[in-house]
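Dumped run.cif below, it's mmCIF, C-alpha atoms:
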```cif
data_run
loop_
_atom_site.group_PDB
_atom_site.id
_atom_site.type_symbol
_atom_site.label_atom_id
_atom_site.label_comp_id
_atom_site.auth_asym_id
_atom_site.auth_seq_id
_atom_site.Cartn_x
_atom_site.Cartn_y
_atom_site.Cartn_z
ATOM 1 C CA ALA F 1352 -18.887 -10.599 74.835
ATOM 2 C CA ARG F 1353 -19.920 -14.040 73.740
ATOM 3 C CA PRO F 1354 -21.392 -16.327 76.389
ATOM 4 C CA ARG F 1355 -18.780 -18.730 77.626
ATOM 5 C CA VAL F 1356 -21.110 -21.599 78.284
ATOM 6 C CA GLY F 1357 -20.622 -25.035 76.921
ATOM 7 C CA TYR F 1358 -16.881 -25.278 76.563
ATOM 8 C CA PHE F 1359 -14.051 -26.427 78.674
ATOM 9 C CA TYR F 1360 -10.442 -25.987 79.195
ATOM 10 C CA VAL F 1361 -7.483 -28.239 78.582
ATOM 11 C CA GLY F 1362 -4.655 -25.718 78.530
ATOM 12 C CA LYS F 1363 -6.028 -24.377 75.270
ATOM 13 C CA THR F 1364 -9.453 -22.966 74.690
ATOM 14 C CA ALA F 1365 -11.780 -24.604 72.216
ATOM 15 C CA ASN F 1366 -11.371 -21.473 70.176
ATOM 16 C CA GLN F 1367 -7.621 -21.882 69.953
ATOM 17 C CA LEU F 1368 -8.067 -25.512 68.935
ATOM 18 C CA PHE F 1369 -10.524 -24.413 66.312
ATOM 19 C CA VAL F 1370 -8.294 -21.762 64.740
ATOM 20 C CA GLU F 1371 -5.330 -24.130 64.940
ATOM 21 C CA HIS F 1372 -7.263 -26.820 63.170
ATOM 22 C CA VAL F 1373 -8.201 -24.554 60.285
ATOM 23 C CA ARG F 1374 -4.582 -23.427 60.008
ATOM 24 C CA LYS F 1375 -3.294 -26.978 60.008
ATOM 25 C CA LEU F 1376 -4.763 -27.786 56.577
ATOM 26 C CA LYS F 1377 -2.026 -27.787 53.927
ATOM 27 C CA VAL F 1378 -2.034 -26.795 50.279
ATOM 28 C CA LYS F 1379 -0.334 -30.063 49.334
ATOM 29 C CA ASP F 1380 -3.260 -32.080 50.680
ATOM 30 C CA TYR F 1381 -5.927 -30.088 48.831
ATOM 31 C CA LYS F 1382 -4.355 -28.924 45.557
ATOM 32 C CA SER F 1383 -5.824 -30.169 42.324
ATOM 33 C CA ARG F 1384 -4.227 -30.922 38.987
ATOM 34 C CA PRO F 1385 -3.065 -27.838 37.078
ATOM 35 C CA VAL F 1386 -4.095 -27.440 33.448
ATOM 36 C CA VAL F 1387 -1.222 -25.900 31.491
ATOM 37 C CA VAL F 1388 -1.021 -24.539 27.949
ATOM 38 C CA THR F 1389 1.691 -22.838 25.898
ATOM 39 C CA GLU F 1390 1.946 -19.154 24.990
ATOM 40 C CA GLU F 1391 1.153 -19.698 21.313
ATOM 41 C CA LEU F 1392 -2.258 -21.257 21.984
ATOM 42 C CA SER F 1393 -5.054 -19.118 20.554
ATOM 43 C CA VAL F 1394 -7.669 -17.495 22.759
ATOM 44 C CA TYR F 1395 -10.237 -19.649 20.939
ATOM 45 C CA ASP F 1396 -8.413 -22.864 21.814
ATOM 46 C CA ALA F 1397 -7.855 -21.657 25.369
ATOM 47 C CA ILE F 1398 -11.613 -21.272 25.848
ATOM 48 C CA CYS F 1399 -12.147 -24.755 24.368
ATOM 49 C CA THR F 1400 -9.495 -26.154 26.740
ATOM 50 C CA MET F 1401 -11.328 -24.633 29.720
ATOM 51 C CA PHE F 1402 -14.527 -26.392 28.704
ATOM 52 C CA LEU F 1403 -12.850 -29.707 27.910
ATOM 53 C CA GLU F 1404 -10.885 -29.739 31.158
ATOM 54 C CA ASP F 1405 -13.689 -28.144 33.188
ATOM 55 C CA VAL F 1406 -11.512 -25.469 34.813
ATOM 56 C CA GLY F 1407 -11.813 -21.706 35.140
ATOM 57 C CA THR F 1408 -8.099 -20.881 35.026
ATOM 58 C CA LEU F 1409 -5.258 -22.001 32.756
ATOM 59 C CA PHE F 1410 -1.557 -21.713 33.522
ATOM 60 C CA VAL F 1411 0.684 -20.716 30.636
ATOM 61 C CA VAL F 1412 4.182 -22.235 30.543
ATOM 62 C CA LYS F 1413 7.247 -21.937 28.335
ATOM 63 C CA ASP F 1414 10.562 -23.750 27.808
ATOM 64 C CA GLY F 1415 9.830 -27.010 29.482
ATOM 65 C CA GLY F 1416 7.338 -25.987 32.111
ATOM 66 C CA ARG F 1417 8.447 -22.585 33.384
ATOM 67 C CA LEU F 1418 5.420 -20.562 34.579
ATOM 68 C CA ALA F 1419 4.887 -17.601 32.229
ATOM 69 C CA GLY F 1420 1.291 -16.550 32.817
ATOM 70 C CA VAL F 1421 -2.196 -17.157 34.135
ATOM 71 C CA VAL F 1422 -5.417 -16.851 32.113
ATOM 72 C CA SER F 1423 -8.831 -16.622 33.761
ATOM 73 C CA ARG F 1424 -12.376 -16.797 32.376
ATOM 74 C CA LYS F 1425 -12.544 -13.071 33.031
ATOM 75 C CA ASP F 1426 -9.496 -12.387 30.815
ATOM 76 C CA LEU F 1427 -11.024 -14.450 28.017
ATOM 77 C CA LEU F 1428 -14.477 -12.867 28.305
ATOM 78 C CA LYS F 1429 -12.929 -9.416 28.040
ATOM 79 C CA ILE F 1430 -11.145 -10.218 24.798
ATOM 80 C CA ALA F 1431 -14.264 -12.000 23.460
ATOM 81 C CA LEU F 1432 -16.151 -8.690 23.735
ATOM 82 C CA GLY F 1433 -14.042 -7.299 20.892
ATOM 83 C CA LYS F 1434 -14.748 -8.043 17.269
ATOM 84 C CA GLN F 1435 -11.409 -9.730 16.796
ATOM 85 C CA ASP F 1436 -10.818 -13.230 15.463
ATOM 86 C CA LEU F 1437 -10.276 -15.299 18.614
ATOM 87 C CA GLN F 1438 -8.372 -17.892 16.593
ATOM 88 C CA ALA F 1439 -5.756 -15.307 15.608
ATOM 89 C CA ILE F 1440 -4.937 -14.004 19.105
ATOM 90 C CA PRO F 1441 -2.472 -15.947 21.288
ATOM 91 C CA VAL F 1442 -3.223 -16.319 25.018
ATOM 92 C CA SER F 1443 0.058 -14.533 25.755
ATOM 93 C CA VAL F 1444 -1.721 -11.295 24.784
ATOM 94 C CA VAL F 1445 -4.396 -11.616 27.471
ATOM 95 C CA MET F 1446 -2.633 -13.462 30.275
ATOM 96 C CA THR F 1447 -1.358 -12.029 33.555
ATOM 97 C CA ARG F 1448 2.436 -12.327 33.352
ATOM 98 C CA MET F 1449 5.260 -13.083 35.722
ATOM 99 C CA PRO F 1450 6.204 -11.387 38.028
ATOM 100 C CA ASN F 1451 2.612 -10.265 38.618
ATOM 101 C CA ILE F 1452 1.296 -13.767 39.290
ATOM 102 C CA ILE F 1453 0.178 -14.595 42.825
ATOM 103 C CA THR F 1454 1.399 -18.093 43.699
ATOM 104 C CA CYS F 1455 1.523 -20.454 46.653
ATOM 105 C CA SER F 1456 3.717 -23.424 47.577
ATOM 106 C CA GLN F 1457 2.940 -26.950 48.700
ATOM 107 C CA GLU F 1458 3.932 -26.288 52.305
ATOM 108 C CA ASP F 1459 1.715 -23.219 52.634
ATOM 109 C CA THR F 1460 -1.449 -23.605 54.662
ATOM 110 C CA LEU F 1461 -4.812 -23.563 52.957
ATOM 111 C CA TYR F 1462 -5.598 -20.593 55.187
ATOM 112 C CA GLU F 1463 -2.697 -18.635 53.667
ATOM 113 C CA ALA F 1464 -3.784 -19.603 50.158
ATOM 114 C CA ALA F 1465 -7.410 -18.582 50.853
ATOM 115 C CA SER F 1466 -6.197 -15.255 52.273
ATOM 116 C CA LYS F 1467 -4.209 -14.626 49.075
ATOM 117 C CA LEU F 1468 -7.225 -15.421 46.897
ATOM 118 C CA MET F 1469 -9.295 -12.860 48.814
ATOM 119 C CA ARG F 1470 -6.600 -10.191 49.163
ATOM 120 C CA ASN F 1471 -5.623 -10.261 45.503
ATOM 121 C CA GLN F 1472 -9.126 -10.860 44.154
ATOM 122 C CA VAL F 1473 -8.158 -13.834 42.007
ATOM 123 C CA ASP F 1474 -10.043 -17.091 41.474
ATOM 124 C CA ALA F 1475 -7.040 -19.424 41.434
ATOM 125 C CA LEU F 1476 -3.412 -19.727 42.507
ATOM 126 C CA PRO F 1477 -0.804 -21.903 40.825
ATOM 127 C CA VAL F 1478 0.990 -24.126 43.341
ATOM 128 C CA VAL F 1479 4.664 -23.756 42.396
ATOM 129 C CA ARG F 1480 8.181 -24.839 43.266
ATOM 130 C CA PRO F 1481 11.559 -23.620 41.946
ATOM 131 C CA MET F 1482 12.588 -25.130 38.590
ATOM 132 C CA GLU F 1483 15.443 -27.608 38.803
ATOM 133 C CA ASP F 1484 17.809 -25.201 37.047
ATOM 134 C CA GLY F 1485 16.923 -22.575 39.638
ATOM 135 C CA GLU F 1486 15.399 -20.170 37.125
ATOM 136 C CA GLY F 1487 11.693 -19.551 37.415
ATOM 137 C CA LEU F 1488 8.864 -21.643 38.812
ATOM 138 C CA GLU F 1489 7.349 -24.985 37.926
ATOM 139 C CA VAL F 1490 3.579 -25.445 38.299
ATOM 140 C CA VAL F 1491 2.672 -28.505 40.340
ATOM 141 C CA GLY F 1492 -0.959 -27.855 41.233
ATOM 142 C CA ARG F 1493 -3.765 -25.372 41.592
ATOM 143 C CA ILE F 1494 -5.804 -23.962 44.466
ATOM 144 C CA THR F 1495 -9.096 -22.254 43.607
ATOM 145 C CA LYS F 1496 -12.142 -20.913 45.397
ATOM 146 C CA THR F 1497 -13.697 -24.305 44.627
ATOM 147 C CA THR F 1498 -10.884 -25.975 46.623
ATOM 148 C CA ILE F 1499 -11.615 -23.708 49.583
ATOM 149 C CA THR F 1500 -15.388 -24.268 49.322
ATOM 150 C CA LYS F 1501 -14.774 -28.019 49.382
ATOM 151 C CA ALA F 1502 -12.568 -27.680 52.484
ATOM 152 C CA PHE F 1503 -15.245 -25.535 54.168
ATOM 153 C CA VAL F 1504 -17.848 -28.244 53.577
ATOM 154 C CA GLU F 1505 -15.469 -30.814 55.089
ATOM 155 C CA LEU F 1506 -15.025 -28.634 58.185
ATOM 156 C CA GLY F 1507 -18.779 -28.680 58.660
ATOM 157 C CA GLN F 1508 -19.129 -32.420 58.419
ATOM 158 C CA GLU F 1509 -15.989 -34.122 59.622
ATOM 159 C CA SER F 1510 -14.700 -35.435 62.879
ATOM 160 C CA VAL F 1511 -11.602 -33.382 62.782
ATOM 161 C CA LEU F 1512 -9.930 -33.044 66.154
ATOM 162 C CA ALA H 818 -17.335 -23.620 90.040
ATOM 163 C CA ARG H 819 -16.070 -26.268 87.709
ATOM 164 C CA PRO H 820 -12.336 -27.039 87.949
ATOM 165 C CA ARG H 821 -10.645 -25.709 84.824
ATOM 166 C CA VAL H 822 -7.868 -28.231 84.506
ATOM 167 C CA GLY H 823 -7.510 -31.554 82.838
ATOM 168 C CA TYR H 824 -9.526 -32.948 80.028
ATOM 169 C CA PHE H 825 -13.244 -33.200 80.814
ATOM 170 C CA TYR H 826 -16.385 -31.955 79.541
ATOM 171 C CA VAL H 827 -20.044 -32.536 79.866
ATOM 172 C CA GLY H 828 -21.714 -33.684 76.767
ATOM 173 C CA LYS H 829 -19.799 -32.190 73.890
ATOM 174 C CA THR H 830 -16.316 -32.718 72.543
ATOM 175 C CA ALA H 831 -14.192 -29.965 71.054
ATOM 176 C CA ASN H 832 -14.868 -31.576 67.716
ATOM 177 C CA GLN H 833 -18.602 -31.295 68.115
ATOM 178 C CA LEU H 834 -18.243 -27.654 69.080
ATOM 179 C CA PHE H 835 -16.116 -27.099 66.020
ATOM 180 C CA VAL H 836 -18.600 -28.652 63.625
ATOM 181 C CA GLU H 837 -21.434 -26.836 65.357
ATOM 182 C CA HIS H 838 -19.685 -23.527 64.986
ATOM 183 C CA VAL H 839 -19.221 -23.975 61.250
ATOM 184 C CA ARG H 840 -22.857 -24.939 60.934
ATOM 185 C CA LYS H 841 -24.017 -21.927 62.917
ATOM 186 C CA LEU H 842 -23.006 -19.434 60.202
ATOM 187 C CA LYS H 843 -26.072 -18.198 58.343
ATOM 188 C CA VAL H 844 -26.628 -17.209 54.728
ATOM 189 C CA LYS H 845 -28.306 -13.975 55.830
ATOM 190 C CA ASP H 846 -25.139 -12.806 57.577
ATOM 191 C CA TYR H 847 -22.850 -13.492 54.627
ATOM 192 C CA LYS H 848 -24.908 -12.895 51.467
ATOM 193 C CA SER H 849 -23.829 -10.137 49.141
ATOM 194 C CA ARG H 850 -25.832 -7.840 46.899
ATOM 195 C CA PRO H 851 -27.377 -9.591 43.874
ATOM 196 C CA VAL H 852 -26.890 -8.071 40.428
ATOM 197 C CA VAL H 853 -30.053 -8.520 38.372
ATOM 198 C CA VAL H 854 -30.802 -7.926 34.694
ATOM 199 C CA THR H 855 -33.828 -8.457 32.461
ATOM 200 C CA GLU H 856 -34.357 -11.177 29.868
ATOM 201 C CA GLU H 857 -34.055 -8.834 26.885
ATOM 202 C CA LEU H 858 -30.535 -7.688 27.795
ATOM 203 C CA SER H 859 -28.042 -8.710 25.096
ATOM 204 C CA VAL H 860 -25.207 -11.124 25.791
ATOM 205 C CA TYR H 861 -22.853 -8.265 24.962
ATOM 206 C CA ASP H 862 -24.399 -5.990 27.591
ATOM 207 C CA ALA H 863 -24.523 -8.852 30.089
ATOM 208 C CA ILE H 864 -20.748 -9.275 29.779
ATOM 209 C CA CYS H 865 -20.285 -5.508 30.209
ATOM 210 C CA THR H 866 -22.514 -5.587 33.300
ATOM 211 C CA MET H 867 -20.368 -8.337 34.826
ATOM 212 C CA PHE H 868 -17.271 -6.193 34.408
ATOM 213 C CA LEU H 869 -18.911 -2.998 35.625
ATOM 214 C CA GLU H 870 -20.405 -4.702 38.691
ATOM 215 C CA ASP H 871 -17.416 -6.974 39.228
ATOM 216 C CA VAL H 872 -19.446 -10.178 39.576
ATOM 217 C CA GLY H 873 -19.234 -13.591 37.925
ATOM 218 C CA THR H 874 -22.954 -14.371 37.911
ATOM 219 C CA LEU H 875 -26.043 -12.357 36.934
ATOM 220 C CA PHE H 876 -29.622 -13.130 37.950
ATOM 221 C CA VAL H 877 -32.266 -12.626 35.299
ATOM 222 C CA VAL H 878 -35.682 -11.396 36.464
ATOM 223 C CA LYS H 879 -39.013 -10.671 34.847
ATOM 224 C CA ASP H 880 -42.309 -8.951 35.770
ATOM 225 C CA GLY H 881 -41.216 -6.960 38.749
ATOM 226 C CA GLY H 882 -38.428 -9.059 40.128
ATOM 227 C CA ARG H 883 -39.496 -12.685 39.643
ATOM 228 C CA LEU H 884 -36.408 -14.932 39.238
ATOM 229 C CA ALA H 885 -36.320 -16.279 35.668
ATOM 230 C CA GLY H 886 -32.724 -17.359 35.143
ATOM 231 C CA VAL H 887 -29.061 -17.354 36.085
ATOM 232 C CA VAL H 888 -26.166 -16.492 33.759
ATOM 233 C CA SER H 889 -22.571 -17.372 34.573
ATOM 234 C CA ARG H 890 -19.246 -16.389 32.998
ATOM 235 C CA LYS H 891 -19.135 -19.920 31.662
ATOM 236 C CA ASP H 892 -22.483 -19.518 29.841
ATOM 237 C CA LEU H 893 -21.282 -16.272 28.274
ATOM 238 C CA LEU H 894 -17.889 -17.656 27.258
ATOM 239 C CA LYS H 895 -19.577 -20.555 25.509
ATOM 240 C CA ILE H 896 -21.754 -18.303 23.381
ATOM 241 C CA ALA H 897 -18.787 -15.996 22.724
ATOM 242 C CA LEU H 898 -17.017 -18.904 21.015
ATOM 243 C CA GLY H 899 -19.553 -18.768 18.189
ATOM 244 C CA LYS H 900 -19.316 -16.287 15.362
ATOM 245 C CA GLN H 901 -22.632 -14.701 16.274
ATOM 246 C CA ASP H 902 -23.263 -11.043 16.988
ATOM 247 C CA LEU H 903 -23.285 -10.836 20.789
ATOM 248 C CA GLN H 904 -25.346 -7.669 20.640
ATOM 249 C CA ALA H 905 -28.172 -9.502 18.857
ATOM 250 C CA ILE H 906 -28.551 -12.422 21.291
ATOM 251 C CA PRO H 907 -30.605 -11.918 24.489
ATOM 252 C CA VAL H 908 -29.342 -13.448 27.739
ATOM 253 C CA SER H 909 -32.545 -15.483 27.926
ATOM 254 C CA VAL H 910 -31.051 -17.725 25.213
ATOM 255 C CA VAL H 911 -28.005 -18.698 27.285
ATOM 256 C CA MET H 912 -29.306 -18.573 30.870
ATOM 257 C CA THR H 913 -30.166 -21.509 33.118
ATOM 258 C CA ARG H 914 -33.945 -21.290 33.615
ATOM 259 C CA MET H 915 -36.384 -21.941 36.402
ATOM 260 C CA PRO H 916 -37.073 -24.580 37.654
ATOM 261 C CA ASN H 917 -33.485 -25.728 37.080
ATOM 262 C CA ILE H 918 -31.948 -23.015 39.256
ATOM 263 C CA ILE H 919 -30.311 -24.034 42.520
ATOM 264 C CA THR H 920 -31.274 -21.509 45.212
ATOM 265 C CA CYS H 921 -30.897 -20.977 48.940
ATOM 266 C CA SER H 922 -32.814 -18.956 51.513
ATOM 267 C CA GLN H 923 -31.745 -16.454 54.151
ATOM 268 C CA GLU H 924 -32.258 -18.882 57.011
ATOM 269 C CA ASP H 925 -30.137 -21.621 55.447
ATOM 270 C CA THR H 926 -26.718 -22.197 56.925
ATOM 271 C CA LEU H 927 -23.623 -21.247 54.987
ATOM 272 C CA TYR H 928 -22.657 -24.905 55.273
ATOM 273 C CA GLU H 929 -25.814 -25.931 53.379
ATOM 274 C CA ALA H 930 -25.175 -23.287 50.728
ATOM 275 C CA ALA H 931 -21.544 -24.385 50.319
ATOM 276 C CA SER H 932 -22.682 -28.018 50.010
ATOM 277 C CA LYS H 933 -25.106 -27.009 47.241
ATOM 278 C CA LEU H 934 -22.383 -25.116 45.380
ATOM 279 C CA MET H 935 -20.179 -28.214 45.431
ATOM 280 C CA ARG H 936 -22.887 -30.784 44.743
ATOM 281 C CA ASN H 937 -24.363 -28.907 41.799
ATOM 282 C CA GLN H 938 -21.067 -27.591 40.467
ATOM 283 C CA VAL H 939 -22.190 -23.977 40.275
ATOM 284 C CA ASP H 940 -20.279 -20.822 41.221
ATOM 285 C CA ALA H 941 -23.175 -18.905 42.776
ATOM 286 C CA LEU H 942 -26.608 -19.323 44.348
ATOM 287 C CA PRO H 943 -29.338 -16.689 44.381
ATOM 288 C CA VAL H 944 -30.680 -16.117 47.900
ATOM 289 C CA VAL H 945 -34.444 -16.087 47.426
ATOM 290 C CA ARG H 946 -37.785 -15.722 49.196
ATOM 291 C CA PRO H 947 -41.345 -16.244 47.912
ATOM 292 C CA MET H 948 -42.769 -13.302 45.926
ATOM 293 C CA GLU H 949 -45.463 -11.372 47.769
ATOM 294 C CA ASP H 950 -48.151 -12.653 45.380
ATOM 295 C CA GLY H 951 -47.031 -16.185 46.153
ATOM 296 C CA GLU H 952 -45.936 -16.946 42.584
ATOM 297 C CA GLY H 953 -42.267 -17.457 42.012
ATOM 298 C CA LEU H 954 -39.185 -16.255 43.854
ATOM 299 C CA GLU H 955 -37.686 -12.865 44.576
ATOM 300 C CA VAL H 956 -33.890 -12.521 44.622
ATOM 301 C CA VAL H 957 -32.587 -10.885 47.791
ATOM 302 C CA GLY H 958 -28.890 -11.770 47.708
ATOM 303 C CA ARG H 959 -26.160 -13.977 46.378
ATOM 304 C CA ILE H 960 -23.800 -16.557 47.826
ATOM 305 C CA THR H 961 -20.723 -17.482 45.783
ATOM 306 C CA LYS H 962 -17.511 -19.440 46.203
ATOM 307 C CA THR H 963 -15.965 -16.059 47.041
ATOM 308 C CA THR H 964 -18.403 -15.733 49.977
ATOM 309 C CA ILE H 965 -17.358 -19.154 51.253
ATOM 310 C CA THR H 966 -13.648 -18.402 50.798
ATOM 311 C CA LYS H 967 -14.098 -15.225 52.833
ATOM 312 C CA ALA H 968 -15.881 -17.177 55.600
ATOM 313 C CA PHE H 969 -13.073 -19.769 55.572
ATOM 314 C CA VAL H 970 -10.475 -17.036 56.094
ATOM 315 C CA GLU H 971 -12.516 -15.684 59.015
ATOM 316 C CA LEU H 972 -12.616 -19.139 60.606
ATOM 317 C CA GLY H 973 -8.816 -19.209 60.515
ATOM 318 C CA GLN H 974 -8.330 -15.845 62.151
ATOM 319 C CA GLU H 975 -11.205 -15.099 64.472
ATOM 320 C CA SER H 976 -11.993 -15.704 68.086
ATOM 321 C CA VAL H 977 -15.154 -17.506 67.323
ATOM 322 C CA LEU H 978 -16.434 -19.503 70.247
#
```

Reformat the file's structure so that it appears as structure tokens.
Amino acid sequence: ARPRVGYFYVGKTANQLFVEHVRKLKVKDYKSRPVVVTEELSVYDAICTMFLEDVGTLFVVKDGGRLAGVVSRKDLLKIALGKQDLQAIPVSVVMTRMPNIITCSQEDTLYEAASKLMRNQVDALPVVRPMEDGEGLEVVGRITKTTITKAFVELGQESVL
Amino acid sequence: ARPRVGYFYVGKTANQLFVEHVRKLKVKDYKSRPVVVTEELSVYDAICTMFLEDVGTLFVVKDGGRLAGVVSRKDLLKIALGKQDLQAIPVSVVMTRMPNIITCSQEDTLYEAASKLMRNQVDALPVVRPMEDGEGLEVVGRITKTTITKAFVELGQESVL
């Protein structure tokens, strides 16, 4: 058992306060701007877009913003190993497709999003909401392991409670 | 015995305890196994190694384990954009070299390592210690944004104090 010195009691233990604080952080307050591309974009241009936008994951959308796929650096590296012409292959060939995409919503906690990143071994989650016509999902942000690392650093420096 | 009701405490607030707890986590308790390759390895084989070992960063060593460079998925994607033969290019051409490598040591806190990841915009840090002959650094582990995300999830679920 851990020594119980140095903390006090106000109805809740410091530990409860601590866990509650971590779980209070919301996706909507931490999400960053999503970078979206269309299905026809070539693998070559997708890699260029990653460098220009300085992101490691692209979200692929169709008909006016409906989420269709996710492309990671890993997906692009794998295809780059082949001898194929990267300008002739569309990202739709290498992307992870709906309904296999792991997503989160604005009201989710950052803790839930981080748990999904770990459990599903992905680097990024699109933050989504239902499309206005009710069919499919619209991408409104992104949460990545960089987002979580930034939040971790804030936990170590901030006056939070 | 101290009365356990009401608000009170001697010396430290819950917030201080919280920050202290985050800063108590050590690199040595969270580091994962480093994957190392030699300078002559081709870019092609480096990409294969990343997939086989399921890592996003390789550490390049020379003469018996001395840290010489770091190669990320980003470095490899950039070179893959060219029309060159990936089997003919050694990783030493694309790696970040000493002394430009950001490192951490076993006794550092995870908070310090996470701060370095954010500040230097890198995905991974080699955990290093001085070589036995005193020249250069030996790689003994790795800390990545995945490590930090895992620690964040633990903070949200554990009884920690």

Q: Please evaluate the PyMOL selection byres ((chain H and resi 871) around 12) against the displayed coordinates and give the resulting residues as a list in words.
A: Lys1425, Gln1472 and Val1473 of chain F; Arg850, Pro851, Val852, Ala863, Ile864, Cys865, Thr866, Met867, Phe868, Leu869, Glu870, Val872, Gly873, Thr874, Leu875 and Arg890 of chain H

Residues within 10 Å of (-7.5, -15.2, 46.4), file coordinates, counting only C-alpha atoms: what are they? Give the list as a PDB file with C-alpha atoms, keeping the file's coordinate frame.
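Result file follows (result_4.pdb):
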```pdb
ATOM      1  CA  ILE F1453       0.178 -14.595  42.825  1.00  0.00           C
ATOM      2  CA  THR F1454       1.399 -18.093  43.699  1.00  0.00           C
ATOM      3  CA  GLU F1463      -2.697 -18.635  53.667  1.00  0.00           C
ATOM      4  CA  ALA F1464      -3.784 -19.603  50.158  1.00  0.00           C
ATOM      5  CA  ALA F1465      -7.410 -18.582  50.853  1.00  0.00           C
ATOM      6  CA  SER F1466      -6.197 -15.255  52.273  1.00  0.00           C
ATOM      7  CA  LYS F1467      -4.209 -14.626  49.075  1.00  0.00           C
ATOM      8  CA  LEU F1468      -7.225 -15.421  46.897  1.00  0.00           C
ATOM      9  CA  MET F1469      -9.295 -12.860  48.814  1.00  0.00           C
ATOM     10  CA  ARG F1470      -6.600 -10.191  49.163  1.00  0.00           C
ATOM     11  CA  ASN F1471      -5.623 -10.261  45.503  1.00  0.00           C
ATOM     12  CA  GLN F1472      -9.126 -10.860  44.154  1.00  0.00           C
ATOM     13  CA  VAL F1473      -8.158 -13.834  42.007  1.00  0.00           C
ATOM     14  CA  ASP F1474     -10.043 -17.091  41.474  1.00  0.00           C
ATOM     15  CA  ALA F1475      -7.040 -19.424  41.434  1.00  0.00           C
ATOM     16  CA  LEU F1476      -3.412 -19.727  42.507  1.00  0.00           C
ATOM     17  CA  ILE F1494      -5.804 -23.962  44.466  1.00  0.00           C
ATOM     18  CA  THR F1495      -9.096 -22.254  43.607  1.00  0.00           C
ATOM     19  CA  LYS F1496     -12.142 -20.913  45.397  1.00  0.00           C
ATOM     20  CA  ILE F1499     -11.615 -23.708  49.583  1.00  0.00           C
TER      21      ILE F1499
ATOM     22  CA  THR H 963     -15.965 -16.059  47.041  1.00  0.00           C
ATOM     23  CA  THR H 966     -13.648 -18.402  50.798  1.00  0.00           C
ATOM     24  CA  LYS H 967     -14.098 -15.225  52.833  1.00  0.00           C
TER      25      LYS H 967
END
```

Q | Counting only C-alpha atoms, the option among H:Leu884, H:Val878, H:Ile896, H:Met915 closest to chain F | A | H:Ile896

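Comparing the minimum interatomic distances between chain H and each of F:Pro1481, F:Gly1507, F:Gly1433, F:Gly1492, counting only C-alpha atoms, we find that F:Gly1507 sits nearest.
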
(Q) I'd like the contact shell of Val844 in chain H - 10 Å cut-off, only C-alpha atoms, skipping same-chain residues fewer than 2 positions apart - returned as a ChimeraX atom specification. (A) /H:841-842,846-849,921-931,944,958-960,964

Q: Do a neighbour search on Ser1393 in chain F at 6 Å with only C-alpha atoms, toss out local chain neighbours closer than 5 positions, and write the hits as a PyMOL selection string.
A: chain F and resi 1438+1440-1442
